[in-house]
file entry31.tsv (TSV, C-alpha atoms)
chain	number	residue	atom	x	y	z
A	1	MET	CA	-40.00	-19.34	-43.41
A	2	MET	CA	-43.08	-21.41	-44.20
A	3	GLY	CA	-45.41	-19.58	-41.81
A	4	GLN	CA	-45.46	-21.32	-38.44
A	5	TRP	CA	-42.88	-23.88	-39.57
A	6	GLY	CA	-39.24	-23.70	-40.45
A	7	CYS	CA	-36.12	-25.84	-40.55
A	8	ALA	CA	-33.15	-25.06	-38.34
A	9	ALA	CA	-31.73	-23.01	-41.17
A	10	GLN	CA	-33.97	-20.16	-40.04
A	11	THR	CA	-32.61	-19.19	-36.67
A	12	GLY	CA	-31.38	-15.61	-37.04
A	13	CYS	CA	-33.03	-12.40	-38.16
A	14	THR	CA	-34.03	-11.38	-41.66
A	15	HIS	CA	-31.24	-10.37	-44.02
A	16	SER	CA	-30.91	-6.62	-44.40
A	17	LYS	CA	-28.34	-3.87	-44.63
A	18	GLY	CA	-26.89	-2.39	-41.48
A	19	HIS	CA	-25.96	-5.12	-39.01
A	20	SER	CA	-25.35	-4.19	-35.39
A	21	ALA	CA	-23.79	-5.57	-32.25
A	22	VAL	CA	-25.64	-4.65	-29.08
A	23	HIS	CA	-24.73	-5.08	-25.43
A	24	VAL	CA	-28.03	-5.57	-23.64
A	25	THR	CA	-28.70	-3.29	-20.70
A	26	LYS	CA	-32.49	-3.22	-20.54
A	27	HIS	CA	-34.30	-4.79	-23.44
A	28	LEU	CA	-33.99	-5.49	-27.13
A	29	LYS	CA	-36.29	-4.81	-30.03
A	30	GLY	CA	-35.00	-6.98	-32.86
A	31	CYS	CA	-35.21	-6.46	-36.60
A	32	SER	CA	-38.25	-6.95	-38.79
A	33	ARG	CA	-40.05	-10.23	-38.18
A	34	ARG	CA	-43.26	-12.01	-39.06
A	35	ARG	CA	-44.45	-12.41	-35.53
A	36	PRO	CA	-44.12	-10.27	-32.40
A	37	VAL	CA	-41.36	-11.17	-29.99
A	38	PRO	CA	-41.80	-10.06	-26.37
A	39	SER	CA	-39.38	-7.63	-24.79
A	40	LEU	CA	-36.58	-9.06	-22.69
A	41	ASN	CA	-38.15	-7.59	-19.57
A	42	SER	CA	-41.46	-9.43	-20.07
A	43	SER	CA	-39.69	-12.60	-21.15
A	44	LEU	CA	-37.45	-12.59	-18.11
A	45	SER	CA	-40.44	-12.30	-15.79
A	46	SER	CA	-42.08	-15.36	-17.37
A	47	ILE	CA	-39.18	-17.74	-16.76
A	48	PRO	CA	-39.58	-19.98	-13.69
A	49	PRO	CA	-37.10	-19.52	-10.84
A	50	ILE	CA	-33.74	-21.11	-11.55
A	51	LYS	CA	-30.68	-21.92	-9.55
A	52	PRO	CA	-27.86	-19.38	-9.29
A	53	HIS	CA	-25.22	-19.64	-12.00
A	54	GLY	CA	-21.84	-18.11	-12.82
A	55	LYS	CA	-21.58	-14.58	-14.17
A	56	HIS	CA	-20.71	-15.63	-17.72
A	57	GLN	CA	-19.73	-13.31	-20.54
A	58	VAL	CA	-21.66	-14.49	-23.63
A	59	LEU	CA	-21.56	-13.39	-27.27
A	60	VAL	CA	-24.72	-14.23	-29.27
A	61	ILE	CA	-24.48	-13.95	-33.05
A	62	GLY	CA	-27.88	-14.09	-34.73
A	63	GLY	CA	-29.93	-13.54	-31.58
A	64	SER	CA	-32.57	-10.95	-32.52
A	65	ARG	CA	-35.28	-13.65	-32.50
A	66	ASN	CA	-35.93	-17.37	-32.40
A	67	ILE	CA	-33.44	-19.72	-30.71
A	68	GLY	CA	-30.74	-17.11	-30.17
A	69	TYR	CA	-33.21	-14.66	-28.64
A	70	TYR	CA	-34.85	-17.18	-26.31
A	71	SER	CA	-31.43	-18.48	-25.24
A	72	ALA	CA	-30.27	-14.96	-24.46
A	73	VAL	CA	-33.36	-14.35	-22.31
A	74	ARG	CA	-32.52	-17.42	-20.23
A	75	LEU	CA	-28.87	-16.46	-19.93
A	76	LEU	CA	-29.80	-12.97	-18.74
A	77	ALA	CA	-32.04	-14.55	-16.11
A	78	LEU	CA	-29.02	-16.54	-14.96
A	79	GLY	CA	-27.09	-13.32	-14.44
A	80	ALA	CA	-24.91	-13.52	-17.54
A	81	THR	CA	-23.72	-10.48	-19.48
A	82	VAL	CA	-24.91	-10.95	-23.06
A	83	THR	CA	-23.60	-9.14	-26.13
A	84	PHE	CA	-25.40	-9.45	-29.48
A	85	LEU	CA	-24.12	-9.13	-33.03
A	86	LEU	CA	-27.25	-8.27	-35.03
A	87	ARG	CA	-28.20	-7.08	-38.48
A	88	SER	CA	-30.51	-4.32	-37.25
A	89	PRO	CA	-30.09	-2.04	-34.27
A	90	GLY	CA	-32.07	-2.65	-31.13
A	91	LYS	CA	-32.85	-0.40	-28.20
A	92	ALA	CA	-29.57	-0.84	-26.38
A	93	ARG	CA	-25.91	0.15	-26.61
A	94	LEU	CA	-25.01	-0.42	-30.27
A	95	VAL	CA	-21.89	-1.18	-32.26
A	96	GLN	CA	-22.55	-1.24	-36.00
A	97	GLY	CA	-21.38	-4.50	-37.51
A	98	ASP	CA	-21.96	-7.30	-39.98
A	99	ALA	CA	-21.09	-10.96	-39.33
A	100	LEU	CA	-20.07	-11.21	-43.00
A	101	VAL	CA	-17.36	-8.60	-42.39
A	102	LYS	CA	-14.37	-9.96	-40.49
A	103	ASN	CA	-13.37	-6.70	-38.83
A	104	ASP	CA	-16.91	-6.23	-37.54
A	105	VAL	CA	-16.79	-9.65	-35.94
A	106	ARG	CA	-13.51	-8.70	-34.28
A	107	ARG	CA	-15.20	-5.63	-32.84
A	108	ALA	CA	-18.04	-7.80	-31.57
A	109	TRP	CA	-15.53	-9.98	-29.72
A	110	SER	CA	-13.95	-6.85	-28.29
A	111	GLU	CA	-17.31	-5.48	-27.12
A	112	ALA	CA	-18.29	-8.80	-25.57
A	113	SER	CA	-15.01	-9.00	-23.63
A	114	ASN	CA	-15.23	-5.53	-22.06
A	115	SER	CA	-15.95	-7.06	-18.65
A	116	GLY	CA	-13.70	-10.08	-19.03
A	117	PRO	CA	-13.00	-12.98	-21.40
A	118	VAL	CA	-15.97	-14.36	-23.34
A	119	ASP	CA	-17.12	-17.64	-21.80
A	120	PHE	CA	-19.61	-18.75	-24.46
A	121	LEU	CA	-20.36	-17.98	-28.08
A	122	ILE	CA	-23.90	-18.84	-29.20
A	123	PHE	CA	-24.06	-18.86	-32.99
A	124	THR	CA	-27.59	-18.93	-34.41
A	125	VAL	CA	-27.19	-16.99	-37.66
A	126	GLY	CA	-29.81	-17.75	-40.31
A	127	GLY	CA	-31.80	-16.01	-42.99
A	128	THR	CA	-35.44	-15.65	-43.94
A	129	GLY	CA	-35.88	-17.50	-47.21
A	130	GLN	CA	-37.57	-16.50	-50.43
A	131	PHE	CA	-39.61	-19.22	-52.16
A	132	SER	CA	-39.70	-20.06	-55.84
A	133	LEU	CA	-41.16	-23.10	-57.61
A	134	THR	CA	-37.89	-23.86	-59.39
A	135	LYS	CA	-35.45	-23.37	-56.50
A	136	GLY	CA	-37.49	-23.92	-53.37
A	137	VAL	CA	-36.42	-21.74	-50.45
A	138	THR	CA	-33.31	-19.62	-50.95
A	139	ILE	CA	-31.45	-17.16	-48.76
A	140	THR	CA	-29.25	-14.22	-49.76
A	141	PRO	CA	-26.34	-14.60	-49.83
A	142	PRO	CA	-26.54	-18.40	-50.21
A	143	ASN	CA	-23.51	-18.88	-47.93
A	144	LEU	CA	-24.61	-16.47	-45.21
A	145	VAL	CA	-24.28	-18.93	-42.32
A	146	THR	CA	-21.04	-20.54	-43.47
A	147	GLN	CA	-19.17	-17.32	-44.19
A	148	SER	CA	-20.36	-15.71	-40.96
A	149	LEU	CA	-19.13	-18.72	-38.98
A	150	LEU	CA	-15.81	-18.75	-40.84
A	151	ASN	CA	-15.31	-15.14	-39.80
A	152	VAL	CA	-16.07	-16.10	-36.21
A	153	LEU	CA	-13.62	-19.02	-36.23
A	154	GLU	CA	-10.93	-16.91	-37.91
A	155	THR	CA	-11.14	-14.19	-35.27
A	156	LEU	CA	-11.46	-16.29	-32.11
A	157	PRO	CA	-10.01	-14.44	-29.11
A	158	SER	CA	-7.67	-15.86	-26.52
A	159	PRO	CA	-8.63	-17.54	-24.28
A	160	ARG	CA	-11.05	-19.25	-26.63
A	161	PRO	CA	-14.70	-19.34	-25.57
A	162	LYS	CA	-16.94	-22.37	-25.53
A	163	ILE	CA	-18.90	-22.46	-28.80
A	164	ILE	CA	-22.50	-23.56	-29.35
A	165	THR	CA	-23.81	-23.46	-32.91
A	166	ILE	CA	-27.27	-24.30	-34.24
A	167	SER	CA	-27.48	-26.56	-37.28
A	168	SER	CA	-30.31	-28.84	-38.47
A	169	THR	CA	-31.39	-32.45	-38.71
A	170	GLY	CA	-31.49	-33.98	-42.20
A	171	LEU	CA	-28.31	-32.14	-43.10
A	172	THR	CA	-25.90	-34.91	-44.08
A	173	ARG	CA	-26.55	-38.17	-45.92
A	174	ALA	CA	-26.59	-40.10	-42.64
A	175	SER	CA	-28.87	-37.59	-40.93
A	176	TYR	CA	-31.23	-37.49	-43.90
A	177	LYS	CA	-31.80	-41.24	-43.61
A	178	SER	CA	-33.12	-40.72	-40.08
A	179	LEU	CA	-35.84	-38.27	-41.14
A	180	PRO	CA	-39.49	-39.35	-41.19
A	181	LEU	CA	-40.40	-40.40	-44.73
A	182	ALA	CA	-42.93	-37.58	-45.16
A	183	LEU	CA	-40.29	-34.93	-44.39
A	184	LYS	CA	-37.67	-36.15	-46.85
A	185	PRO	CA	-39.09	-34.34	-49.93
A	186	LEU	CA	-39.31	-31.15	-47.88
A	187	TYR	CA	-35.66	-31.32	-46.92
A	188	SER	CA	-34.31	-32.56	-50.26
A	189	TYR	CA	-36.15	-30.03	-52.42
A	190	LEU	CA	-37.77	-27.17	-50.55
A	191	LEU	CA	-34.99	-26.60	-48.03
A	192	SER	CA	-31.99	-27.84	-50.01
A	193	SER	CA	-30.39	-24.40	-50.39
A	194	PRO	CA	-30.37	-23.25	-46.74
A	195	LEU	CA	-29.37	-26.76	-45.64
A	196	LYS	CA	-26.43	-26.64	-48.03
A	197	ASP	CA	-25.31	-23.49	-46.25
A	198	LYS	CA	-25.67	-25.24	-42.89
A	199	ARG	CA	-23.56	-28.14	-44.20
A	200	GLY	CA	-20.78	-25.70	-44.95
A	201	ALA	CA	-20.91	-24.41	-41.39
A	202	GLU	CA	-20.82	-27.94	-39.99
A	203	GLU	CA	-17.87	-28.85	-42.21
A	204	ALA	CA	-16.00	-25.81	-40.91
A	205	ILE	CA	-16.67	-26.94	-37.32
A	206	ALA	CA	-15.67	-30.53	-38.11
A	207	HIS	CA	-12.39	-29.36	-39.65
A	208	SER	CA	-11.65	-27.04	-36.73
A	209	ALA	CA	-12.50	-29.66	-34.10
A	210	GLY	CA	-10.91	-32.65	-35.80
A	211	TRP	CA	-14.21	-34.50	-36.27
A	212	GLU	CA	-14.78	-37.01	-39.03
A	213	TRP	CA	-16.52	-35.57	-42.09
A	214	ASN	CA	-17.79	-37.35	-45.19
A	215	VAL	CA	-16.44	-35.47	-48.21
A	216	LYS	CA	-19.63	-36.39	-50.08
A	217	ASP	CA	-21.48	-34.06	-47.70
A	218	SER	CA	-19.31	-31.05	-48.55
A	219	PRO	CA	-21.19	-28.14	-50.17
A	220	GLY	CA	-18.05	-27.20	-52.10
A	221	ASP	CA	-16.18	-23.99	-52.77
A	222	GLU	CA	-19.30	-22.04	-53.75
A	223	ILE	CA	-20.33	-22.10	-50.09
A	224	LEU	CA	-17.02	-22.47	-48.24
A	225	GLY	CA	-14.65	-20.61	-50.54
A	226	ALA	CA	-11.47	-21.96	-52.10
A	227	ASP	CA	-9.10	-21.14	-49.21
A	228	TRP	CA	-11.38	-21.71	-46.25
A	229	THR	CA	-9.16	-24.28	-44.49
A	230	ASN	CA	-6.44	-21.64	-44.15
A	231	ARG	CA	-8.80	-19.35	-42.27
A	232	VAL	CA	-9.76	-21.56	-39.33
A	233	PRO	CA	-8.12	-23.77	-36.69
A	234	THR	CA	-7.24	-27.32	-37.73
A	235	GLY	CA	-8.29	-30.03	-35.28
A	236	GLU	CA	-7.65	-27.99	-32.16
A	237	LEU	CA	-11.10	-26.56	-31.39
A	238	LYS	CA	-12.34	-28.88	-28.65
A	239	SER	CA	-14.81	-26.72	-26.70
A	240	VAL	CA	-17.66	-26.83	-29.20
A	241	VAL	CA	-21.18	-28.26	-29.37
A	242	VAL	CA	-23.31	-28.51	-32.51
A	243	VAL	CA	-27.08	-28.68	-31.90
A	244	ARG	CA	-29.28	-30.12	-34.69
A	245	PRO	CA	-32.95	-29.33	-34.04
A	246	ALA	CA	-35.74	-31.06	-35.93
A	247	MET	CA	-38.27	-28.98	-37.93
A	248	LEU	CA	-38.64	-25.81	-35.91
A	249	THR	CA	-42.01	-24.50	-34.75
A	250	ASP	CA	-43.14	-21.44	-32.81
A	251	GLY	CA	-44.79	-23.53	-30.11
A	252	GLU	CA	-44.58	-23.12	-26.37
A	253	CYS	CA	-41.65	-24.22	-24.25
A	254	ARG	CA	-43.01	-27.55	-23.04
A	255	ALA	CA	-40.09	-27.86	-20.63
A	256	ASP	CA	-41.35	-24.75	-18.79
A	257	VAL	CA	-45.10	-24.81	-19.33
A	258	LYS	CA	-45.61	-28.47	-18.50
A	259	GLY	CA	-42.85	-28.57	-15.92
A	260	LYS	CA	-41.20	-31.51	-17.65
A	261	GLY	CA	-37.75	-30.00	-18.00
A	262	SER	CA	-35.56	-32.08	-20.29
A	263	ASP	CA	-38.23	-34.81	-20.39
A	264	ALA	CA	-40.24	-32.55	-22.73
A	265	TYR	CA	-38.03	-33.46	-25.70
A	266	ARG	CA	-35.56	-36.10	-26.88
A	267	VAL	CA	-31.82	-35.48	-27.16
A	268	LYS	CA	-29.27	-37.83	-28.64
A	269	GLU	CA	-25.68	-37.59	-29.78
A	270	GLY	CA	-25.74	-38.13	-33.52
A	271	ASP	CA	-29.04	-38.70	-35.30
A	272	LEU	CA	-32.54	-39.17	-33.84
A	273	GLU	CA	-34.98	-41.55	-35.51
A	274	CYS	CA	-38.39	-40.11	-36.45
A	275	GLY	CA	-37.70	-36.60	-35.22
A	276	TRP	CA	-40.55	-34.50	-36.60
A	277	THR	CA	-40.57	-31.13	-34.85
A	278	VAL	CA	-39.38	-29.17	-31.84
A	279	SER	CA	-40.17	-25.63	-30.74
A	280	ARG	CA	-37.54	-22.92	-30.81
A	281	ARG	CA	-38.24	-22.24	-27.15
A	282	ASP	CA	-37.48	-25.83	-26.18
A	283	VAL	CA	-34.25	-25.77	-28.20
A	284	ALA	CA	-33.28	-22.63	-26.29
A	285	TYR	CA	-34.17	-24.41	-23.03
A	286	PHE	CA	-31.84	-27.28	-23.92
A	287	LEU	CA	-29.11	-24.91	-25.07
A	288	VAL	CA	-29.01	-23.05	-21.75
A	289	GLU	CA	-30.34	-25.51	-19.15
A	290	GLY	CA	-28.67	-28.50	-20.78
A	291	VAL	CA	-25.53	-27.45	-22.63
A	292	VAL	CA	-24.45	-24.31	-20.77
A	293	ARG	CA	-25.24	-25.72	-17.32
A	294	HIS	CA	-23.73	-29.14	-18.04
A	295	TRP	CA	-20.96	-28.34	-20.48
A	296	GLU	CA	-18.80	-31.33	-19.61
A	297	GLU	CA	-21.61	-33.69	-20.63
A	298	TRP	CA	-22.00	-32.23	-24.13
A	299	GLU	CA	-18.59	-30.78	-25.02
A	300	GLY	CA	-17.23	-32.03	-28.34
A	301	LYS	CA	-20.55	-33.52	-29.48
A	302	CYS	CA	-23.04	-33.06	-32.27
A	303	VAL	CA	-26.51	-33.67	-30.83
A	304	SER	CA	-30.04	-33.84	-32.25
A	305	VAL	CA	-33.14	-32.46	-30.51
A	306	ALA	CA	-36.77	-33.37	-31.28
A	307	TYR	CA	-40.07	-34.26	-29.62

call {"tool": "encode", "arguments": {"input": "entry31.tsv", "output": "structure tokens"}}
result
Amino acid sequence: MMGQWGCAAQTGCTHSKGHSAVHVTKHLKGCSRRRPVPSLNSSLSSIPPIKPHGKHQVLVIGGSRNIGYYSAVRLLALGATVTFLLRSPGKARLVQGDALVKNDVRRAWSEASNSGPVDFLIFTVGGTGQFSLTKGVTITPPNLVTQSLLNVLETLPSPRPKIITISSTGLTRASYKSLPLALKPLYSYLLSSPLKDKRGAEEAIAHSAGWEWNVKDSPGDEILGADWTNRVPTGELKSVVVVRPAMLTDGECRADVKGKGSDAYRVKEGDLECGWTVSRRDVAYFLVEGVVRHWEEWEGKCVSVAY
């Protein structure tokens, strides 16, 4: 989306027929993309040494590239077992599936729990948009993210995993006010459609977790569906974190390359003032090194990330 730039609405792979869940054993070649993504083997070798971590079972939905992919690379380096639900098959053990089909999501949970209960779900589903002068950027279907997440929440296994989902800054009325002035037209016009889908996903999380939600921010039944509240938990989903990145870029991971760690970016619960951009690699760094490693610090929060 938009060449080297993109909002947090573009975090998964391109929309296509034939979605697949893959349990990574060696490496993954994701679906069609605009830029090359290194193999897991080469990516793993480039990550600096890290401290030992628990042998987590992790399900990644939307992880063929971008934030989901980079997060999975880090989790594999930590010794986790990672299972992917993808739209296109990779070079690994495959289970055909589509996050928009509830039974396929159930099978993804089953595959991910083969070696024990799933510890974490990383949800980074997104679509590659098509641009038009009259509508800005649109994705197909327009409720891809929301309906995929509703299927995930409706089929949660027991015991329930910890959930991390990627959203976007500028999403709600309050968050939009915190955007830099120059970015506001971009978010309100060009990216309004994918952000509407992201709002539906956030509303589903808010309902399930018992968070406050401004009804004026609701995208309505066209995104959520008329009976969506009957499909998901009500106020009982406590082990969840929503991450709202600023405008996403394909830049380096400053936390690794410059050795700054978490000092490479800003993180704040709620909205960040003047948050322009952040690279997908640094969001992945925060997701794994910040949220996964220090779950108690972030559990139950919606946080923004930007440089």

call {"tool": "atom_distance", "arguments": {"input": "entry31.tsv", "atom1": "atom CA of Asp250 of chain A", "atom2": "atom CA of Gly126 of chain A"}}
result
15.7 Å

call {"tool": "closest_residue", "arguments": {"input": "entry31.tsv", "among": "A:Leu133, A:Leu191, A:Ala284, A:Val240", "to": "Trp211 of chain A", "atoms": "all atoms listed in the file"}}
result
A:Val240

call {"tool": "atom_distance", "arguments": {"input": "entry31.tsv", "atom1": "atom CA of Ala80 of chain A", "atom2": "atom CA of Asn114 of chain A"}}
result
13.3 Å

call {"tool": "residues_around", "arguments": {"input": "entry31.tsv", "residues": "Ser148 of chain A", "least_positions_apart": "4", "cutoff": "12 Å", "atoms": "all atoms listed in the file", "output": "PyMOL selection string"}}
result
chain A and resi 12+61-62+85-87+97-106+123-127+141-144+152-155+165+197-198+200-201+204+223-224

call {"tool": "residues_around", "arguments": {"input": "entry31.tsv", "residues": "Ser304 of chain A", "least_positions_apart": "4", "cutoff": "9 Å", "atoms": "all atoms listed in the file", "output": "VMD selection string"}}
result
chain A and resid 168 to 169 242 to 246 266 to 272 275

call {"tool": "atom_distance", "arguments": {"input": "entry31.tsv", "atom1": "atom CA of Pro180 of chain A", "atom2": "atom CA of Glu273 of chain A"}}
result
7.6 Å

call {"tool": "closest_residue", "arguments": {"input": "entry31.tsv", "among": "A:Pro157, A:Gly170, A:Phe286, A:Gln57", "to": "Ser115 of chain A", "atoms": "all atoms listed in the file"}}
result
A:Gln57

call {"tool": "residues_around", "arguments": {"input": "entry31.tsv", "residues": "Ser239 of chain A", "least_positions_apart": "3", "cutoff": "7 Å", "atoms": "all atoms listed in the file", "output": "list in words"}}
result
Lys162, Ile163, Glu299 and Gly300 of chain A

call {"tool": "closest_atom_pairs", "arguments": {"input": "entry31.tsv", "of": "segment 286-305 of chain A", "to": "segment 74-78 of chain A", "cutoff": "10 Å", "atoms": "only C-alpha atoms", "output": "tab-separated table"}}
result
residue	atom	partner	partner_atom	distance
A:Leu287	CA	A:Arg74	CA	9.5
A:Val288	CA	A:Arg74	CA	6.8
A:Glu289	CA	A:Arg74	CA	8.4
A:Val292	CA	A:Leu75	CA	9.0

call {"tool": "closest_residue", "arguments": {"input": "entry31.tsv", "among": "A:Val73, A:Val291, A:Leu150, A:Asp227", "to": "Val303 of chain A", "atoms": "all atoms listed in the file"}}
result
A:Val291

call {"tool": "residues_near_point", "arguments": {"input": "entry31.tsv", "point": "(-29.6, -26.0, -50.6)", "cutoff": "10 Å", "atoms": "only C-alpha atoms", "output": "ChimeraX atom specification"}}
result
/A:135-139,142-143,171,187-199,219

call {"tool": "closest_residue", "arguments": {"input": "entry31.tsv", "among": "A:Thr140, A:Thr134, A:Thr128, A:Ser110", "to": "Asn66 of chain A", "atoms": "all atoms listed in the file"}}
result
A:Thr128

call {"tool": "closest_residue", "arguments": {"input": "entry31.tsv", "among": "A:Leu59, A:Ala226, A:Leu121, A:Leu183", "to": "Ile164 of chain A", "atoms": "all atoms listed in the file"}}
result
A:Leu121
